[in-house]
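Peer 1: I'm passing along start-v5.tsv; it holds TSV, C-alpha atoms.
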chain	number	residue	atom	x	y	z
A	403	MET	CA	14.23	-17.97	2.89
A	404	PRO	CA	10.48	-18.63	2.75
A	405	GLU	CA	8.36	-15.71	1.62
A	406	GLY	CA	6.70	-15.33	5.02
A	407	ALA	CA	10.08	-14.79	6.69
A	408	TRP	CA	11.27	-11.94	4.46
A	409	PRO	CA	12.11	-9.15	6.92
A	410	LEU	CA	11.05	-6.42	4.51
A	411	GLY	CA	8.01	-8.36	3.36
A	412	LYS	CA	6.33	-8.80	0.04
A	413	ALA	CA	5.83	-5.82	-2.26
A	414	ILE	CA	2.17	-4.92	-2.72
A	415	ALA	CA	2.21	-1.51	-4.44
A	416	GLN	CA	4.12	1.60	-5.43
A	417	LEU	CA	2.97	4.94	-4.02
A	418	GLN	CA	3.27	8.39	-5.59
A	419	GLY	CA	6.24	7.23	-7.66
A	420	ILE	CA	8.39	7.50	-4.53
A	421	TYR	CA	7.58	4.74	-2.10
A	422	ILE	CA	7.33	0.98	-2.28
A	423	LEU	CA	4.70	-0.52	0.03
A	424	ALA	CA	5.26	-4.04	1.31
A	425	GLU	CA	3.44	-6.31	3.71
A	426	ASN	CA	5.25	-8.30	6.38
A	427	ALA	CA	4.14	-10.18	9.49
A	428	HIS	CA	4.20	-7.00	11.56
A	429	GLY	CA	2.20	-4.74	9.25
A	430	LEU	CA	3.16	-2.31	6.51
A	431	ILE	CA	6.67	-1.53	5.27
A	432	VAL	CA	7.29	1.76	3.46
A	433	VAL	CA	10.51	1.99	1.42
A	434	ASP	CA	12.06	5.13	-0.04
A	435	MET	CA	12.79	3.51	-3.38
A	436	HIS	CA	15.49	5.85	-4.69
A	437	ALA	CA	17.34	6.20	-1.39
A	438	ALA	CA	17.35	2.45	-0.83
A	439	HIS	CA	18.55	1.63	-4.31
A	440	GLU	CA	21.22	4.34	-4.15
A	441	ARG	CA	22.56	2.78	-0.99
A	442	ILE	CA	22.69	-0.68	-2.52
A	443	VAL	CA	24.56	0.63	-5.58
A	444	TYR	CA	26.92	2.61	-3.34
A	445	GLU	CA	27.77	-0.37	-1.16
A	446	ARG	CA	28.34	-2.50	-4.24
A	447	LEU	CA	30.69	0.07	-5.78
A	448	LYS	CA	32.53	0.46	-2.49
A	449	ALA	CA	33.02	-3.29	-2.14
A	450	GLN	CA	34.37	-3.47	-5.70
A	451	MET	CA	36.65	-0.50	-5.06
A	452	ASP	CA	37.97	-2.14	-1.87
A	453	ALA	CA	38.79	-5.15	-4.01
A	454	GLN	CA	40.40	-2.70	-6.45
A	455	ALA	CA	38.12	-3.84	-9.20
A	456	ILE	CA	35.18	-1.68	-10.15
A	457	ARG	CA	33.92	-3.79	-12.98
A	458	SER	CA	33.81	-1.70	-16.13
A	459	GLN	CA	31.50	-2.32	-19.04
A	460	PRO	CA	32.24	-0.96	-22.53
A	461	LEU	CA	29.31	0.78	-24.20
A	462	LEU	CA	28.38	-0.76	-27.54
A	463	ILE	CA	27.84	2.74	-28.87
A	464	PRO	CA	29.97	5.36	-27.10
A	465	ALA	CA	27.88	8.20	-25.66
A	466	THR	CA	29.24	11.48	-27.00
A	467	PHE	CA	28.40	14.88	-25.63
A	468	PRO	CA	29.42	18.53	-26.20
A	469	ALA	CA	31.98	19.31	-23.50
A	470	THR	CA	33.42	22.50	-22.07
A	471	PRO	CA	37.19	23.07	-22.38
A	472	ALA	CA	37.44	22.42	-18.63
A	473	GLU	CA	35.68	19.07	-18.99
A	474	VAL	CA	37.97	18.05	-21.86
A	475	ALA	CA	41.03	19.07	-19.85
A	476	THR	CA	39.85	17.14	-16.77
A	477	ALA	CA	39.09	14.04	-18.83
A	478	GLU	CA	42.59	14.12	-20.31
A	479	ALA	CA	44.36	14.81	-17.02
A	480	CYS	CA	42.43	12.23	-15.01
A	481	GLN	CA	42.49	9.12	-17.19
A	482	ASP	CA	43.90	7.00	-14.36
A	483	ALA	CA	41.44	8.24	-11.78
A	484	LEU	CA	38.56	7.67	-14.19
A	485	GLU	CA	39.78	4.18	-14.95
A	486	THR	CA	39.95	3.37	-11.24
A	487	LEU	CA	36.29	4.41	-11.08
A	488	GLY	CA	35.38	2.12	-13.96
A	489	LEU	CA	34.96	4.98	-16.42
A	490	GLN	CA	36.55	5.54	-19.79
A	491	ILE	CA	35.99	9.07	-21.14
A	492	THR	CA	38.08	10.22	-24.09
A	493	PRO	CA	38.16	13.25	-26.39
A	494	PHE	CA	36.11	12.62	-29.51
A	495	THR	CA	36.49	16.00	-31.21
A	496	PRO	CA	38.11	19.09	-29.66
A	497	LYS	CA	34.70	20.08	-28.26
A	498	THR	CA	33.19	16.66	-27.68
A	499	LEU	CA	33.86	13.84	-25.23
A	500	ALA	CA	32.93	10.21	-25.65
A	501	VAL	CA	32.00	7.92	-22.77
A	502	ARG	CA	33.30	4.52	-23.82
A	503	ALA	CA	32.87	2.49	-20.64
A	504	VAL	CA	30.97	2.82	-17.34
A	505	PRO	CA	30.89	0.69	-14.20
A	506	ALA	CA	28.82	-2.40	-14.95
A	507	THR	CA	26.72	-1.63	-11.86
A	508	LEU	CA	25.67	1.67	-13.43
A	509	ALA	CA	25.14	0.41	-16.97
A	510	GLN	CA	21.38	1.12	-16.82
A	511	GLY	CA	21.85	4.80	-16.04
A	512	ASP	CA	22.53	7.89	-18.14
A	513	ALA	CA	26.20	7.65	-19.13
A	514	VAL	CA	26.51	11.33	-20.04
A	515	GLU	CA	25.02	12.61	-16.78
A	516	LEU	CA	27.30	10.25	-14.90
A	517	ALA	CA	30.39	11.43	-16.83
A	518	ARG	CA	29.58	15.10	-16.30
A	519	SER	CA	29.03	14.70	-12.56
A	520	VAL	CA	32.26	12.78	-12.06
A	521	LEU	CA	34.29	15.22	-14.18
A	522	ALA	CA	32.85	18.14	-12.18
A	523	GLU	CA	33.97	16.54	-8.95
A	524	LEU	CA	37.38	15.57	-10.28
A	525	ALA	CA	37.96	19.15	-11.47
A	526	GLN	CA	37.66	20.32	-7.87
A	527	HIS	CA	40.48	18.10	-6.66
A	528	ASP	CA	44.12	17.41	-7.31
A	529	ALA	CA	43.70	14.55	-9.72
A	530	SER	CA	46.58	12.43	-8.45
A	531	SER	CA	45.14	12.02	-4.99
A	532	VAL	CA	41.47	12.52	-5.68
A	533	VAL	CA	40.37	8.95	-5.69
A	534	GLU	CA	41.82	8.39	-2.24
A	535	ARG	CA	40.55	11.56	-0.66
A	536	ALA	CA	37.19	11.99	-2.32
A	537	ARG	CA	36.46	8.35	-2.85
A	538	ASN	CA	33.24	8.10	-0.90
A	539	GLU	CA	31.79	11.33	-2.29
A	540	LEU	CA	32.62	10.19	-5.80
A	541	LEU	CA	31.06	6.79	-5.28
A	542	ALA	CA	27.97	8.43	-3.75
A	543	THR	CA	27.62	10.69	-6.79
A	544	MET	CA	27.95	7.72	-9.07
A	545	ALA	CA	25.46	5.69	-7.03
A	546	CYS	CA	22.90	8.48	-7.24
A	547	HIS	CA	23.09	8.32	-11.02
A	548	GLY	CA	22.77	4.56	-11.02
A	549	ALA	CA	19.75	4.42	-8.71
A	550	VAL	CA	16.18	4.16	-9.88
A	551	ARG	CA	14.58	7.58	-10.24
A	552	ALA	CA	11.35	8.89	-8.78
A	553	ASN	CA	8.25	8.29	-10.90
A	554	ARG	CA	9.67	5.23	-12.59
A	555	ARG	CA	6.95	2.60	-12.54
A	556	LEU	CA	8.28	-0.63	-11.07
A	557	THR	CA	6.66	-4.03	-11.41
A	558	LEU	CA	5.98	-6.04	-8.26
A	559	GLU	CA	8.87	-8.31	-9.32
A	560	GLU	CA	11.27	-5.36	-9.52
A	561	MET	CA	10.06	-4.09	-6.16
A	562	ASN	CA	10.55	-7.50	-4.57
A	563	ALA	CA	14.03	-7.76	-6.10
A	564	LEU	CA	14.94	-4.42	-4.52
A	565	LEU	CA	13.60	-5.52	-1.12
A	566	ARG	CA	15.65	-8.73	-1.28
A	567	GLN	CA	18.79	-6.76	-2.23
A	568	MET	CA	18.18	-4.44	0.72
A	569	GLU	CA	17.99	-7.45	3.05
A	570	GLU	CA	21.34	-8.67	1.77
A	571	THR	CA	23.15	-5.33	1.79
A	572	GLU	CA	24.91	-4.10	4.89
A	573	ARG	CA	23.89	-0.68	6.14
A	574	SER	CA	21.05	-0.57	3.63
A	575	ASP	CA	18.68	0.76	6.26
A	576	GLN	CA	20.25	4.21	5.99
A	577	CYS	CA	20.68	6.24	2.84
A	578	ASN	CA	23.94	7.93	1.89
A	579	HIS	CA	22.77	11.03	3.73
A	580	GLY	CA	21.98	9.22	6.96
A	581	ARG	CA	18.20	9.12	6.55
A	582	PRO	CA	16.22	5.90	6.91
A	583	THR	CA	15.53	3.98	3.68
A	584	TRP	CA	12.54	2.12	5.08
A	585	ARG	CA	10.05	2.33	7.92
A	586	GLN	CA	7.75	-0.15	9.56
A	587	LEU	CA	4.18	0.84	10.34
A	588	THR	CA	3.04	-1.88	12.71
A	589	LEU	CA	-0.49	-3.21	12.78
A	590	ARG	CA	-0.73	-1.72	16.24
A	591	GLU	CA	0.14	1.72	14.84
A	592	LEU	CA	-2.32	1.32	11.97
A	593	ASP	CA	-5.03	0.15	14.33
A	594	ALA	CA	-4.36	3.17	16.54
A	595	LEU	CA	-5.20	5.42	13.56
A	596	PHE	CA	-8.60	3.78	13.64
A	597	LEU	CA	-8.91	3.89	17.43
A	598	ARG	CA	-8.93	0.08	17.42
A	599	GLY	CA	-7.38	-1.75	20.32
A	600	ARG	CA	-5.38	-4.91	19.77
B	688	MET	CA	-15.85	12.25	-11.72
B	689	PRO	CA	-12.40	11.81	-13.28
B	690	GLU	CA	-10.17	9.26	-11.59
B	691	GLY	CA	-7.72	11.91	-10.37
B	692	ALA	CA	-10.48	13.72	-8.47
B	693	TRP	CA	-11.73	10.74	-6.45
B	694	PRO	CA	-11.50	11.93	-2.83
B	695	LEU	CA	-10.63	8.49	-1.53
B	696	GLY	CA	-8.27	7.79	-4.41
B	697	LYS	CA	-7.51	4.72	-6.44
B	698	ALA	CA	-7.11	1.36	-4.72
B	699	ILE	CA	-3.57	0.00	-4.96
B	700	ALA	CA	-3.48	-2.92	-2.52
B	701	GLN	CA	-5.06	-4.80	0.37
B	702	LEU	CA	-3.10	-5.06	3.62
B	703	GLN	CA	-3.22	-7.83	6.21
B	704	GLY	CA	-6.71	-8.79	5.12
B	705	ILE	CA	-8.00	-5.75	7.03
B	706	TYR	CA	-7.10	-2.55	5.25
B	707	ILE	CA	-7.48	-1.21	1.73
B	708	LEU	CA	-4.65	1.06	0.60
B	709	ALA	CA	-5.45	3.74	-1.95
B	710	GLU	CA	-3.49	6.55	-3.53
B	711	ASN	CA	-4.90	10.05	-3.92
B	712	ALA	CA	-3.38	13.44	-4.72
B	713	HIS	CA	-2.44	14.00	-1.08
B	714	GLY	CA	-0.73	10.70	-0.39
B	715	LEU	CA	-1.92	7.40	1.03
B	716	ILE	CA	-5.46	6.51	2.11
B	717	VAL	CA	-5.96	3.62	4.54
B	718	VAL	CA	-9.48	2.19	4.77
B	719	ASP	CA	-10.83	-0.17	7.42
B	720	MET	CA	-12.56	-2.40	4.91
B	721	HIS	CA	-15.08	-4.14	7.18
B	722	ALA	CA	-16.03	-1.02	9.14
B	723	ALA	CA	-16.49	1.03	5.96
B	724	HIS	CA	-18.60	-1.61	4.24
B	725	GLU	CA	-20.67	-2.18	7.37
B	726	ARG	CA	-21.47	1.52	7.47
B	727	ILE	CA	-22.51	1.56	3.82
B	728	VAL	CA	-24.81	-1.43	4.32
B	729	TYR	CA	-26.23	0.11	7.49
B	730	GLU	CA	-27.03	3.44	5.82
B	731	ARG	CA	-28.63	1.61	2.92
B	732	LEU	CA	-30.83	-0.48	5.24
B	733	LYS	CA	-31.75	2.61	7.24
B	734	ALA	CA	-32.77	4.53	4.11
B	735	GLN	CA	-34.92	1.59	2.99
B	736	MET	CA	-36.47	1.30	6.44
B	737	ASP	CA	-37.26	5.02	6.46
B	738	ALA	CA	-39.04	4.47	3.17
B	739	GLN	CA	-40.73	1.50	4.89
B	740	ALA	CA	-39.38	-0.85	2.30
B	741	ILE	CA	-36.43	-3.03	3.17
B	742	ARG	CA	-36.26	-4.91	-0.07
B	743	SER	CA	-36.53	-8.61	0.62
B	744	GLN	CA	-35.10	-11.32	-1.57
B	745	PRO	CA	-36.42	-14.90	-1.43
B	746	LEU	CA	-33.73	-17.57	-1.20
B	747	LEU	CA	-33.91	-20.10	-4.04
B	748	ILE	CA	-33.12	-22.78	-1.51
B	749	PRO	CA	-34.31	-21.95	2.02
B	750	ALA	CA	-31.47	-22.11	4.58
B	751	THR	CA	-32.54	-24.46	7.35
B	752	PHE	CA	-30.84	-24.75	10.70
B	753	PRO	CA	-31.36	-26.59	14.00
B	754	ALA	CA	-33.02	-24.10	16.35
B	755	THR	CA	-33.56	-23.91	20.09
B	756	PRO	CA	-37.14	-23.86	21.40
B	757	ALA	CA	-36.59	-20.18	22.24
B	758	GLU	CA	-35.57	-19.39	18.67
B	759	VAL	CA	-38.59	-21.21	17.27
B	760	ALA	CA	-40.87	-19.36	19.68
B	761	THR	CA	-39.37	-15.98	18.78
B	762	ALA	CA	-39.63	-16.68	15.05
B	763	GLU	CA	-43.32	-17.53	15.45
B	764	ALA	CA	-44.12	-14.59	17.70
B	765	CYS	CA	-42.25	-12.01	15.64
B	766	GLN	CA	-43.33	-12.72	12.07
B	767	ASP	CA	-44.37	-9.10	11.55
B	768	ALA	CA	-41.19	-7.63	12.99
B	769	LEU	CA	-39.09	-10.00	10.90
B	770	GLU	CA	-41.01	-9.06	7.80
B	771	THR	CA	-40.43	-5.37	8.46
B	772	LEU	CA	-36.72	-6.18	8.56
B	773	GLY	CA	-36.89	-7.99	5.22
B	774	LEU	CA	-36.60	-11.42	6.79
B	775	GLN	CA	-38.83	-14.45	6.45
B	776	ILE	CA	-38.04	-17.19	8.98
B	777	THR	CA	-40.56	-20.01	9.44
B	778	PRO	CA	-40.67	-23.31	11.35
B	779	PHE	CA	-39.53	-26.19	9.14
B	780	THR	CA	-39.73	-29.03	11.65
B	781	PRO	CA	-40.39	-28.67	15.39
B	782	LYS	CA	-36.64	-28.32	15.95
B	783	THR	CA	-35.63	-26.61	12.72
B	784	LEU	CA	-36.17	-23.14	11.27
B	785	ALA	CA	-35.97	-22.16	7.60
B	786	VAL	CA	-34.77	-18.77	6.38
B	787	ARG	CA	-36.84	-18.14	3.26
B	788	ALA	CA	-35.99	-14.52	2.50
B	789	VAL	CA	-33.36	-11.98	3.54
B	790	PRO	CA	-32.87	-8.27	2.76
B	791	ALA	CA	-31.56	-7.99	-0.81
B	792	THR	CA	-28.71	-5.84	0.50
B	793	LEU	CA	-27.52	-8.77	2.64
B	794	ALA	CA	-28.07	-11.52	0.09
B	795	GLN	CA	-24.33	-12.23	-0.16
B	796	GLY	CA	-23.96	-12.98	3.55
B	797	ASP	CA	-24.61	-16.03	5.71
B	798	ALA	CA	-28.41	-16.25	6.05
B	799	VAL	CA	-28.30	-18.55	9.07
B	800	GLU	CA	-25.91	-16.35	11.07
B	801	LEU	CA	-28.04	-13.34	10.21
B	802	ALA	CA	-31.24	-15.09	11.30
B	803	ARG	CA	-29.72	-16.26	14.60
B	804	SER	CA	-28.41	-12.79	15.48
B	805	VAL	CA	-31.69	-11.07	14.73
B	806	LEU	CA	-33.72	-13.70	16.63
B	807	ALA	CA	-31.40	-13.29	19.63
B	808	GLU	CA	-31.99	-9.55	19.66
B	809	LEU	CA	-35.72	-9.86	19.15
B	810	ALA	CA	-35.95	-12.31	22.05
B	811	GLN	CA	-34.63	-9.60	24.36
B	812	HIS	CA	-37.40	-7.16	23.52
B	813	ASP	CA	-41.13	-6.90	23.57
B	814	ALA	CA	-41.81	-7.98	20.01
B	815	SER	CA	-44.61	-5.60	19.27
B	816	SER	CA	-42.52	-2.48	19.80
B	817	VAL	CA	-39.07	-3.84	19.07
B	818	VAL	CA	-38.61	-2.54	15.58
B	819	GLU	CA	-39.27	1.01	16.71
B	820	ARG	CA	-37.18	0.95	19.83
B	821	ALA	CA	-34.27	-1.24	18.78
B	822	ARG	CA	-34.31	-0.32	15.14
B	823	ASN	CA	-30.78	1.05	14.87
B	824	GLU	CA	-29.20	-1.74	16.89
B	825	LEU	CA	-31.02	-4.31	14.79
B	826	LEU	CA	-29.95	-2.71	11.54
B	827	ALA	CA	-26.37	-2.46	12.81
B	828	THR	CA	-26.37	-6.17	13.66
B	829	MET	CA	-27.72	-6.97	10.22
B	830	ALA	CA	-25.19	-4.66	8.54
B	831	CYS	CA	-22.32	-6.37	10.35
B	832	HIS	CA	-23.43	-9.69	8.88
B	833	GLY	CA	-23.73	-8.23	5.41
B	834	ALA	CA	-20.33	-6.52	5.41
B	835	VAL	CA	-17.21	-8.00	3.89
B	836	ARG	CA	-15.24	-9.99	6.46
B	837	ALA	CA	-11.59	-9.69	7.42
B	838	ASN	CA	-9.23	-11.82	5.36
B	839	ARG	CA	-11.47	-11.89	2.32
B	840	ARG	CA	-9.27	-11.16	-0.68
B	841	LEU	CA	-10.72	-8.33	-2.72
B	842	THR	CA	-9.78	-7.50	-6.29
B	843	LEU	CA	-8.71	-3.94	-7.09
B	844	GLU	CA	-12.08	-3.53	-8.85
B	845	GLU	CA	-13.97	-4.56	-5.71
B	846	MET	CA	-11.83	-2.22	-3.60
B	847	ASN	CA	-12.47	0.68	-5.97
B	848	ALA	CA	-16.19	-0.06	-5.93
B	849	LEU	CA	-16.16	0.13	-2.13
B	850	LEU	CA	-14.26	3.44	-2.18
B	851	ARG	CA	-16.76	4.93	-4.64
B	852	GLN	CA	-19.68	3.74	-2.46
B	853	MET	CA	-18.04	5.36	0.55
B	854	GLU	CA	-17.78	8.64	-1.34
B	855	GLU	CA	-21.49	8.50	-2.12
B	856	THR	CA	-22.67	7.42	1.34
B	857	GLU	CA	-23.43	10.00	4.01
B	858	ARG	CA	-21.62	9.56	7.30
B	859	SER	CA	-19.47	6.81	5.78
B	860	ASP	CA	-16.37	8.28	7.39
B	861	GLN	CA	-17.38	6.87	10.75
B	862	CYS	CA	-18.23	3.28	11.53
B	863	ASN	CA	-21.31	2.23	13.49
B	864	HIS	CA	-19.26	2.41	16.67
B	865	GLY	CA	-18.04	5.96	16.03
B	866	ARG	CA	-14.52	5.06	14.89
B	867	PRO	CA	-13.05	6.39	11.64
B	868	THR	CA	-13.46	4.16	8.59
B	869	TRP	CA	-10.55	5.72	6.72
B	870	ARG	CA	-7.45	7.82	7.36
B	871	GLN	CA	-5.25	9.95	5.17
B	872	LEU	CA	-1.48	9.70	5.50
B	873	THR	CA	-0.25	12.76	3.66
B	874	LEU	CA	2.94	12.81	1.65
B	875	ARG	CA	4.23	15.27	4.23
B	876	GLU	CA	3.60	12.74	7.00
B	877	LEU	CA	5.19	9.95	5.00
B	878	ASP	CA	8.20	12.11	4.17
B	879	ALA	CA	8.54	12.98	7.85
B	880	LEU	CA	8.98	9.26	8.59
B	881	PHE	CA	12.03	9.45	6.33
B	882	LEU	CA	13.24	12.78	7.75
B	883	ARG	CA	12.68	14.30	4.33
B	884	GLY	CA	11.62	17.92	4.05
B	885	ARG	CA	9.08	19.03	1.49
Can the structure in the file be given as structure tokens, please?
Peer 2:
Amino acid sequence: MPEGAWPLGKAIAQLQGIYILAENAHGLIVVDMHAAHERIVYERLKAQMDAQAIRSQPLLIPATFPATPAEVATAEACQDALETLGLQITPFTPKTLAVRAVPATLAQGDAVELARSVLAELAQHDASSVVERARNELLATMACHGAVRANRRLTLEEMNALLRQMEETERSDQCNHGRPTWRQLTLRELDALFLRGR
Amino acid sequence: MPEGAWPLGKAIAQLQGIYILAENAHGLIVVDMHAAHERIVYERLKAQMDAQAIRSQPLLIPATFPATPAEVATAEACQDALETLGLQITPFTPKTLAVRAVPATLAQGDAVELARSVLAELAQHDASSVVERARNELLATMACHGAVRANRRLTLEEMNALLRQMEETERSDQCNHGRPTWRQLTLRELDALFLRGR
């Protein structure tokens, strides 16, 4: 698609560590960077899960962390559920867990934070049926950890890559909580701020 | 003044060849680039006129242009008025005028367009009293010619320079036609677009 036809436009700047600003034929596009990326990651995980294949990626160096007895117990009881989610979390010492693999889609994120969040959710459910019943919540939690955080400086190239992914991802115009991920400010609306007719 | 305290913020991008986008502590600043620059040029010309000294700058190569008999007549009749305005426009041939000097503040602009506009206004008035009576209109016309035009690409440095000039120029928050030259979109307003509370 030629640059001028990109629906979400061409990235021009990042604002307050939260928003991406882009320019398209109609005016200014404002993107909630974290919410949009979270949605893209979520939809990707969901598609992989539907195909029963969340691609897992072994960590070169397992990420170990001090774990509560409850976390160790959940990790041991839920090996199958974790594996379905693309995670491999095993006891390392009696008081330590090791994250050995994470979903490839989330490989950039913090493996320990991801492991802790998923274990906390699994502990609340009957492990055998959890993945079916709590699937979307679990994937949403995982997506949140995989999405770019506020205040991370992005290059224009990274911003444009995100915009292009949004254009290709179904339902990417709403975040996992139902809020919009981007808004258009038309030239007409901008001009109105300046009392200019068009 | 430290960068973080700049009221109009730090330029981050140009939008649609019309607006400058800047980031300050409160959110996003949108500046109508031409209107803001026009106002700065106007106030500068007015201050010089008040001090009875619009600084004139000779052109290395006079700008000649084919002129109507009316334009030639006005240029000859209004030498004093033109001089007061920092302009020197003299007959070059019977059908051609030469712009030999322009106000230093407008030296970047199109000398011929400037000369034609000023001659057209002078022709409408009684030359002897014109500068007193039509002073502000004349300066506004001249400022419009000296101000940066739509679709001119500015560097971030040029945009920041304009923002700093705006901060130092009285009444620069309104254009010569009474419209705002800049608007603040607060983070609260931006967040509201995304249904986010703060």
Peer 1: What's the 12 Å shell around Ile414 (chain A), counting only C-alpha atoms, without same-chain residues fewer than 3 positions away, as a ChimeraX atom specification?
Peer 2: /A:410-411,417,421-426,429-433,556-562,565 /B:698-703,707-709,843
Peer 1: If I take CA of Leu882 (chain B) and CA of Thr583 (chain A), how far is one from the other in Å, to one decimal?
Peer 2: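 These two atoms are separated by 10.0 Å.
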Peer 1: Excluding same-chain residues fewer than 5 positions from Pro496 (chain A), what lies within 9 Å of it counting all atoms listed in the file, as a PyMOL selection string?
Peer 2: chain A and resi 469+471+474
Peer 1: Rounded to one decimal place, report the CA of Asp719 (chain B)-CA of His832 (chain B) distance in Å.
Peer 2: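 Separation of CA of Asp719 (chain B) and CA of His832 (chain B): 15.9 Å.
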Peer 1: For region 452-462 of chain A, work out the shell of residues within 9 Å, counting all atoms listed in the file and skipping chain neighbours fewer than 6 positions away, then give it as an MDAnalysis selection string.
Peer 2: chainID A and resid 485:490 501:507 509
Peer 1: I'd like to know which of A:Gly599, A:Pro582, A:Gly511, A:Pro409 is closest to His428 (chain A), using all atoms listed in the file.
Peer 2: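 Once distances to His428 (chain A) are computed over all atoms listed in the file, the minimum belongs to A:Pro409.
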Peer 1: Please measure the separation of CA of Thr751 (chain B) and CA of Leu809 (chain B), giving the value in Å to one decimal.
Peer 2: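 Distance between the two atoms: 19.0 Å.
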Peer 1: Write out as number ranges by chain which residues come within 10 Å of Pro468 (chain A) when counting only C-alpha atoms, dropping same-chain ones fewer than 6 positions away.
Peer 2: A: 474, 494-500, 514
Peer 1: Taking C-alpha atoms for each residue, export the selection above as an mmCIF file, in the coordinates of the input.
Peer 2:
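The result, stored in out36.cif:
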data_model
loop_
_atom_site.group_PDB
_atom_site.id
_atom_site.type_symbol
_atom_site.label_atom_id
_atom_site.label_comp_id
_atom_site.auth_asym_id
_atom_site.auth_seq_id
_atom_site.Cartn_x
_atom_site.Cartn_y
_atom_site.Cartn_z
ATOM 1 C CA VAL A 474 37.970 18.050 -21.860
ATOM 2 C CA PHE A 494 36.110 12.620 -29.510
ATOM 3 C CA THR A 495 36.490 16.000 -31.210
ATOM 4 C CA PRO A 496 38.110 19.090 -29.660
ATOM 5 C CA LYS A 497 34.700 20.080 -28.260
ATOM 6 C CA THR A 498 33.190 16.660 -27.680
ATOM 7 C CA LEU A 499 33.860 13.840 -25.230
ATOM 8 C CA ALA A 500 32.930 10.210 -25.650
ATOM 9 C CA VAL A 514 26.510 11.330 -20.040
#
Peer 1: Using all atoms listed in the file, which of B:Ala723, B:Ser804, B:Pro749, B:Trp693 sits nearest chain A?
Peer 2: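 Between B:Ala723, B:Ser804, B:Pro749, B:Trp693, the residue approaching chain A most closely is B:Ala723.
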